[in-house]
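*Asks:* Once you've had a glance at the structure underneath, I'll fire off some questions.
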Amino acid sequence: MVDDGKKRIEKNSVKDNNSNRKVEDSMAREFLEEVNRSASQLKKEFTLTIPRTEIEKKLEEKARLYQPNLRLQGFRRGKVPLEVVQAQFKSELEGEVIREVTQKEVAGKMQSEKLRPVGQPVVQKMDFPEGKDLTLGFEVEIFPEVDLSDLENLTVEATAGELEYPEFQEEESIRQLLKNRGKYELKKDQTVENGDMVVYTIQSTNTKTRKKTPKQKERLVVSPDRPSDILEVTREVLGKKAGDRLVFKRRYPRDHARKPWAGKEMEHQLELEKVFELRERELNEAFFAEMGVRNRGELKERMKEEYRQERDQFLQNRKMELILDDICRRKEFPVPRSLMDESVSKARMQVQKIKNDGGEDRDRKILEVYRDIHRSIKKAFIINTLKAEKKIRADEKKMDEKIRELAERQNIPFGQFKKLLAGNPQYLDQVRTDVENELIRDYLLTAVKVREVQS
């Protein structure tokens with residue numbers, strides 16, 4: 001599909017101007033300007049000429065297509081003369097034909113030029129004067145070329161601190177296990193504290209339209225770090241008791257997860273119903289039986305084995321990240337502006353928080369946010385290039401191995417778990433991505449040497 005409206009062009013111009021205005025800090029602004037200058041080489045412009053005879057032929061074909069079912073005053077159904085159809089619906093037929101021909105010609109041009117577009121091509125100019133050929137000018141942003149031909153000669157240096165992993169602590173590990181296996185029980189005094197779980201009913205009202213949402217019962221584990229659809233709900237419920245009714249307002253960003261609230265000011269009415277506190281388990285025979293061990297010694301050995309697996313997994317993933325970071329530093333290639341703009345837009349709340357907090361290092365922190373975004377996009381291109389060049393994909397055997405591993409963790413039979421995944425395409429795609437990322441990691445750890453050095 002081709003975007004063919006002038007509005008799209010004007011909208012992009014406005015967006016670019018706004019994005020520049022939003023970046024007020026010098027280092028961050030200079031960084032984004034440099035990234036955008038580099039991205040300009042990924043913009044390709046083309047001009048196509050489509051003969052008028054071809055357009056007219058398509059117009060006649062389109063008119064004949066509609067003619068059998070067309071009914072106009074003075075004519076029986078299907079008996080409207082072709083020239084009347086063409087004259088009566090000239091603008092509609094012409095618009096439909098031009099759209100179809102444009103899409104076909106643009107797709108053909110990109111295929112012949114072997115271009116890989118990042119998004120939809122944007123029509124910048126379209127001239128179709130009476131009696132003349134159609135002239136079409138369009139622009140497309142393409143994926144960068146990433147040269148990874150010399151990876152096998154690469155050595156990455158890592159300090160001991162970068163590959164550091166904490167030692168196994170038996171007492172702390174068991175204490176954390178007992179906490180994680182804890183159960184929520186009804187709290188006696190029903191006063192909300194951090195770590196408690198509250199059950200509440202909520203009804204929300206749009207302050208502008210006064211439209212109310214249906215009442216819903218929800219639950220929340222109270223923690224400042226725990227995400228919630230209701231902004232800063234923790235500060236409202238802390239110290240309150242079951243039975244308390246709370247009324248407060250929030251202004252939500254346009255990209256908020258709960259769509260009816262996005263971009264609106266909402267008034268929330270909460271009624272706290274119950275408060276539960278987390279009770280840690282005791283290390284006794286009942287707990288051992290639940291864990292499938294006979295005593296503390298067996299539990300310790302199992303936990304040490306799990307620790308070793310987690311440590312090895314961490315170190316492998318850490319080495320892969322160090323390798324990717326090093327490749328990012330060594331390999332210079334432009335990042336598509338559309339992807340950068342999209343990610344910068346998503347980070348605007350994080351940037352705004354840094355600005356609101358103030359401080360002398362504000363500019364440096366904002367710059368680091370944009371550098372992280374730029375680095376993440378580069379890493380994605382490096383990974384995708386490796387997948388294509390090394391033909392890395394999650395085949396059926398690898399998928400089954402991963403599904404079996406996940407099934408065992410959740411104590412679900414393999415066949416049953418695989419069937420569940422088949423009915424959830426989104427989760428299945430995530431499993432496939434995880435498998436392919438593990439294959440990428442294995443390739444990088446084989447191809448690239450990681451040498452530990454003194455810090």
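By convention here, the chains of the structure tokens are called A, B, ... in the order presented, each chain's residues are numbered starting at 1, and ligands are numbered starting at 1 in the order presented.
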For Phe46 of chain A, list every protein, DNA or RNA residue within 7 Å, evaluated using only C-alpha atoms, and leave out those in the same chain fewer than 2 positions away; present the list as a ChimeraX atom specification.

*Replies:* /A:44,48,137-139

*Asks:* Per DSSP on the backbone, filter segment 251-381 of chain A down to the residues in strand (DSSP E or B) and report them as a PyMOL selection string.

*Replies:* chain A and resi 251+265-279

*Asks:* Could the residues in this selection be saved with N, CA and C atoms as a PDB file, in the first residue's frame?

*Replies:*
```pdb
ATOM      1  N   ARG A 251      -4.379  12.607  34.772  1.00  0.00           N
ATOM      2  CA  ARG A 251      -4.284  12.929  33.341  1.00  0.00           C
ATOM      3  C   ARG A 251      -3.385  11.880  32.703  1.00  0.00           C
ATOM      4  N   GLU A 265      -8.384  13.083  30.924  1.00  0.00           N
ATOM      5  CA  GLU A 265      -8.353  13.203  32.376  1.00  0.00           C
ATOM      6  C   GLU A 265      -9.494  12.356  32.926  1.00  0.00           C
ATOM      7  N   MET A 266      -9.143  11.470  33.869  1.00  0.00           N
ATOM      8  CA  MET A 266     -10.133  10.557  34.436  1.00  0.00           C
ATOM      9  C   MET A 266     -10.239  10.778  35.945  1.00  0.00           C
ATOM     10  N   GLU A 267     -11.470  10.690  36.430  1.00  0.00           N
ATOM     11  CA  GLU A 267     -11.709  10.699  37.869  1.00  0.00           C
ATOM     12  C   GLU A 267     -11.998   9.268  38.297  1.00  0.00           C
ATOM     13  N   HIS A 268     -11.232   8.781  39.262  1.00  0.00           N
ATOM     14  CA  HIS A 268     -11.368   7.394  39.716  1.00  0.00           C
ATOM     15  C   HIS A 268     -12.064   7.344  41.074  1.00  0.00           C
ATOM     16  N   GLN A 269     -13.018   6.436  41.187  1.00  0.00           N
ATOM     17  CA  GLN A 269     -13.680   6.178  42.467  1.00  0.00           C
ATOM     18  C   GLN A 269     -13.352   4.743  42.871  1.00  0.00           C
ATOM     19  N   LEU A 270     -12.539   4.601  43.932  1.00  0.00           N
ATOM     20  CA  LEU A 270     -12.114   3.290  44.409  1.00  0.00           C
ATOM     21  C   LEU A 270     -12.737   3.004  45.775  1.00  0.00           C
ATOM     22  N   GLU A 271     -13.177   1.771  45.938  1.00  0.00           N
ATOM     23  CA  GLU A 271     -13.613   1.329  47.258  1.00  0.00           C
ATOM     24  C   GLU A 271     -12.789   0.111  47.646  1.00  0.00           C
ATOM     25  N   LEU A 272     -11.994   0.252  48.695  1.00  0.00           N
ATOM     26  CA  LEU A 272     -11.156  -0.852  49.159  1.00  0.00           C
ATOM     27  C   LEU A 272     -12.028  -1.883  49.866  1.00  0.00           C
ATOM     28  N   GLU A 273     -11.956  -3.133  49.404  1.00  0.00           N
ATOM     29  CA  GLU A 273     -12.799  -4.176  49.991  1.00  0.00           C
ATOM     30  C   GLU A 273     -12.047  -5.033  51.000  1.00  0.00           C
ATOM     31  N   LYS A 274     -10.861  -5.546  50.592  1.00  0.00           N
ATOM     32  CA  LYS A 274     -10.107  -6.424  51.483  1.00  0.00           C
ATOM     33  C   LYS A 274      -8.620  -6.132  51.339  1.00  0.00           C
ATOM     34  N   VAL A 275      -7.881  -6.398  52.408  1.00  0.00           N
ATOM     35  CA  VAL A 275      -6.426  -6.231  52.413  1.00  0.00           C
ATOM     36  C   VAL A 275      -5.794  -7.545  52.859  1.00  0.00           C
ATOM     37  N   PHE A 276      -4.844  -8.044  52.069  1.00  0.00           N
ATOM     38  CA  PHE A 276      -4.156  -9.294  52.382  1.00  0.00           C
ATOM     39  C   PHE A 276      -2.665  -9.011  52.592  1.00  0.00           C
ATOM     40  N   GLU A 277      -2.048  -9.760  53.511  1.00  0.00           N
ATOM     41  CA  GLU A 277      -0.600  -9.633  53.701  1.00  0.00           C
ATOM     42  C   GLU A 277       0.066 -10.955  53.328  1.00  0.00           C
ATOM     43  N   LEU A 278       1.331 -10.839  52.886  1.00  0.00           N
ATOM     44  CA  LEU A 278       2.066 -12.016  52.444  1.00  0.00           C
ATOM     45  C   LEU A 278       2.699 -12.714  53.651  1.00  0.00           C
ATOM     46  N   ARG A 279       2.367 -13.961  53.831  1.00  0.00           N
ATOM     47  CA  ARG A 279       2.949 -14.764  54.908  1.00  0.00           C
ATOM     48  C   ARG A 279       3.972 -15.727  54.319  1.00  0.00           C
TER      49      ARG A 279
END
```

*Asks:* Give me the residues near Gln430 of chain A as a PyMOL selection string, where near means some atom within 12 Å (using only C-alpha atoms) and where sequence neighbours in that chain fewer than 4 positions away do not count.

*Replies:* chain A and resi 394+399+402-403+421+424-426+434-437

*Asks:* Write the residues you've just listed into a file as a PDB file, in the first residue's frame, and include N, CA and C atoms for each of them.

*Replies:*
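As a result, selection_31.pdb now contains:
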```pdb
ATOM      1  N   ALA A 394      14.467 -21.053  13.910  1.00  0.00           N
ATOM      2  CA  ALA A 394      13.979 -22.028  14.880  1.00  0.00           C
ATOM      3  C   ALA A 394      13.226 -23.130  14.136  1.00  0.00           C
ATOM      4  N   MET A 399      12.333 -25.971  18.277  1.00  0.00           N
ATOM      5  CA  MET A 399      11.111 -25.505  18.932  1.00  0.00           C
ATOM      6  C   MET A 399      10.614 -26.531  19.938  1.00  0.00           C
ATOM      7  N   LYS A 402      12.650 -26.477  23.128  1.00  0.00           N
ATOM      8  CA  LYS A 402      12.320 -25.334  23.978  1.00  0.00           C
ATOM      9  C   LYS A 402      10.966 -25.512  24.648  1.00  0.00           C
ATOM     10  N   ILE A 403       9.991 -25.991  23.893  1.00  0.00           N
ATOM     11  CA  ILE A 403       8.646 -26.207  24.450  1.00  0.00           C
ATOM     12  C   ILE A 403       8.700 -27.263  25.553  1.00  0.00           C
ATOM     13  N   LEU A 421       0.162 -23.856  23.223  1.00  0.00           N
ATOM     14  CA  LEU A 421       0.916 -22.862  22.466  1.00  0.00           C
ATOM     15  C   LEU A 421       0.352 -22.686  21.060  1.00  0.00           C
ATOM     16  N   ASN A 424      -2.183 -20.158  20.830  1.00  0.00           N
ATOM     17  CA  ASN A 424      -1.778 -18.803  21.233  1.00  0.00           C
ATOM     18  C   ASN A 424      -0.626 -18.352  20.336  1.00  0.00           C
ATOM     19  N   PRO A 425      -0.930 -17.876  19.109  1.00  0.00           N
ATOM     20  CA  PRO A 425       0.123 -17.526  18.136  1.00  0.00           C
ATOM     21  C   PRO A 425       1.118 -16.496  18.657  1.00  0.00           C
ATOM     22  N   GLN A 426       0.629 -15.542  19.457  1.00  0.00           N
ATOM     23  CA  GLN A 426       1.518 -14.491  19.961  1.00  0.00           C
ATOM     24  C   GLN A 426       2.591 -15.073  20.881  1.00  0.00           C
ATOM     25  N   ASP A 434      12.715 -16.354  21.092  1.00  0.00           N
ATOM     26  CA  ASP A 434      13.664 -16.740  22.143  1.00  0.00           C
ATOM     27  C   ASP A 434      14.632 -17.812  21.643  1.00  0.00           C
ATOM     28  N   VAL A 435      14.108 -18.790  20.919  1.00  0.00           N
ATOM     29  CA  VAL A 435      14.967 -19.854  20.385  1.00  0.00           C
ATOM     30  C   VAL A 435      15.986 -19.275  19.409  1.00  0.00           C
ATOM     31  N   GLU A 436      15.532 -18.407  18.512  1.00  0.00           N
ATOM     32  CA  GLU A 436      16.443 -17.823  17.526  1.00  0.00           C
ATOM     33  C   GLU A 436      17.487 -16.932  18.192  1.00  0.00           C
ATOM     34  N   ASN A 437      17.102 -16.210  19.239  1.00  0.00           N
ATOM     35  CA  ASN A 437      18.074 -15.388  19.967  1.00  0.00           C
ATOM     36  C   ASN A 437      19.117 -16.254  20.671  1.00  0.00           C
TER      37      ASN A 437
END
```

*Asks:* Have a look at atom CA of Val344 of chain A and atom CA of Val118 of chain A and let me know their distance in Å, one decimal.

*Replies:* 16.9 Å

*Asks:* Excluding same-chain residues fewer than 3 positions from segment 286-294 of chain A, what lies within 12 Å of it counting only C-alpha atoms, as a ChimeraX atom specification?

*Replies:* /A:174,177-178,181-182,280-283,297-303

*Asks:* Using only C-alpha atoms, please write the residues we just selected to a file, as a PDB file, in the first residue's frame.

*Replies:*
```
ATOM      1  CA  ILE A 174      16.291 -20.312  51.185  1.00  0.00           C
ATOM      2  CA  LEU A 177      12.438 -19.141  48.319  1.00  0.00           C
ATOM      3  CA  LEU A 178      10.202 -19.176  51.407  1.00  0.00           C
ATOM      4  CA  ARG A 181       6.383 -19.403  47.949  1.00  0.00           C
ATOM      5  CA  GLY A 182       4.463 -17.370  50.503  1.00  0.00           C
ATOM      6  CA  GLU A 280       6.261 -16.516  54.323  1.00  0.00           C
ATOM      7  CA  ARG A 281       6.353 -20.305  54.427  1.00  0.00           C
ATOM      8  CA  GLU A 282       8.105 -22.301  57.117  1.00  0.00           C
ATOM      9  CA  LEU A 283      10.967 -24.677  56.387  1.00  0.00           C
ATOM     10  CA  GLY A 297      20.319 -31.114  52.259  1.00  0.00           C
ATOM     11  CA  GLU A 298      18.447 -32.191  49.113  1.00  0.00           C
ATOM     12  CA  LEU A 299      16.823 -28.768  48.844  1.00  0.00           C
ATOM     13  CA  LYS A 300      20.255 -27.119  49.077  1.00  0.00           C
ATOM     14  CA  GLU A 301      21.677 -29.316  46.289  1.00  0.00           C
ATOM     15  CA  ARG A 302      18.739 -28.569  44.030  1.00  0.00           C
ATOM     16  CA  MET A 303      19.080 -24.848  44.662  1.00  0.00           C
TER      17      MET A 303
END
```

*Asks:* Can you work out the spacing between atom CA of Thr213 of chain A and atom CA of Pro260 of chain A in Å, to one decimal?

*Replies:*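 The value is 8.8 Å.
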
*Asks:* Between A:Arg219, A:Lys365, A:Arg375, A:Arg311, which is the closest to Phe168 of chain A once you count only C-alpha atoms?

*Replies:*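 The answer is A:Arg311, which sits nearest to Phe168 of chain A.
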
*Asks:* With a distance cut-off of 9 Å and only C-alpha atoms, select the neighbouring residues of segment 317-333 of chain A, excluding the residue or stretch itself and same-chain residues fewer than 3 positions from it, and output the selection as a PDB file with C-alpha atoms, in the first residue's frame.

*Replies:*
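Wrote result_21.pdb, looks like this:
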```pdb
ATOM      1  CA  SER A  38      23.251   9.983   8.832  1.00  0.00           C
ATOM      2  CA  ALA A  39      19.757   8.549   8.252  1.00  0.00           C
ATOM      3  CA  PRO A 144      20.825  -0.154   6.071  1.00  0.00           C
ATOM      4  CA  GLU A 145      23.448  -2.588   4.858  1.00  0.00           C
ATOM      5  CA  VAL A 146      25.358  -4.142   7.769  1.00  0.00           C
ATOM      6  CA  ASP A 147      28.755  -5.714   6.993  1.00  0.00           C
ATOM      7  CA  LEU A 148      29.506  -8.536   9.431  1.00  0.00           C
ATOM      8  CA  LEU A 151      33.215 -11.261  12.942  1.00  0.00           C
ATOM      9  CA  LEU A 154      36.931 -10.142  16.440  1.00  0.00           C
ATOM     10  CA  THR A 155      38.170 -10.278  20.044  1.00  0.00           C
ATOM     11  CA  VAL A 156      36.168  -8.523  22.754  1.00  0.00           C
ATOM     12  CA  GLU A 157      37.776  -7.563  26.039  1.00  0.00           C
ATOM     13  CA  ALA A 158      35.757  -7.806  29.248  1.00  0.00           C
ATOM     14  CA  GLU A 162      31.545  -7.041  33.676  1.00  0.00           C
ATOM     15  CA  LEU A 163      31.425 -10.830  34.097  1.00  0.00           C
ATOM     16  CA  ASP A 312      25.904 -19.924  33.270  1.00  0.00           C
ATOM     17  CA  GLN A 313      22.876 -18.448  31.512  1.00  0.00           C
ATOM     18  CA  PHE A 314      23.691 -14.984  32.863  1.00  0.00           C
ATOM     19  CA  ARG A 375      22.230   1.297  20.221  1.00  0.00           C
ATOM     20  CA  LYS A 378      21.559  -1.035  15.762  1.00  0.00           C
ATOM     21  CA  LYS A 379      21.647  -4.292  17.736  1.00  0.00           C
ATOM     22  CA  ILE A 382      22.924  -6.751  13.602  1.00  0.00           C
ATOM     23  CA  ILE A 383      20.863  -9.678  14.921  1.00  0.00           C
ATOM     24  CA  GLU A 438      19.646 -18.330  21.790  1.00  0.00           C
ATOM     25  CA  ILE A 440      22.371 -16.150  17.723  1.00  0.00           C
ATOM     26  CA  ARG A 441      24.018 -16.142  21.150  1.00  0.00           C
ATOM     27  CA  ASP A 442      25.567 -19.575  20.571  1.00  0.00           C
ATOM     28  CA  LEU A 444      28.427 -15.239  18.588  1.00  0.00           C
ATOM     29  CA  LEU A 445      30.076 -17.037  21.520  1.00  0.00           C
ATOM     30  CA  VAL A 448      33.922 -14.119  18.699  1.00  0.00           C
ATOM     31  CA  LYS A 449      36.588 -14.443  21.385  1.00  0.00           C
ATOM     32  CA  VAL A 450      35.811 -12.863  24.761  1.00  0.00           C
TER      33      VAL A 450
END
```

*Asks:* Based on DSSP run over this structure's backbone, return all residues of segment 71-318 of chain A in helix (DSSP H, G or I), as a VMD selection string.

*Replies:* chain A and resid 82 to 88 90 to 112 151 to 153 160 to 163 170 to 180 233 to 237 259 to 261 285 to 291 296 to 318

*Asks:* Near segment 56-68 of chain A, within 10 Å and counting only C-alpha atoms, which residues show up once chain neighbours fewer than 3 positions away are dropped, as number ranges by chain?

*Replies:* A: 51-53, 71, 77-87, 89-90, 93-98, 100-101

*Asks:* Would you mind listing what lies within 8 Å of Lys215 of chain A as a list in words, with only C-alpha atoms counted and same-chain residues fewer than 2 positions away left out?

*Replies:*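 Residues near the query, excluding close chain neighbours: Thr201, Ile202, Gln203, Ser204, Thr213 and Lys217 of chain A.
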
*Asks:* If I take atom CA of Ala257 of chain A and atom CA of Ile354 of chain A, how far is one from the other in Å, to one decimal?

*Replies:*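 Computing the Euclidean distance for atom CA of Ala257 of chain A and atom CA of Ile354 of chain A yields 21.9 Å.
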
*Asks:* Could you check the closest approach to Phe143 of chain A for each of A:Lys304, A:Arg337, A:Lys355, A:Lys249 and tell me which residue wins, using only C-alpha atoms?

*Replies:*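 Nearest to Phe143 of chain A: A:Arg337.
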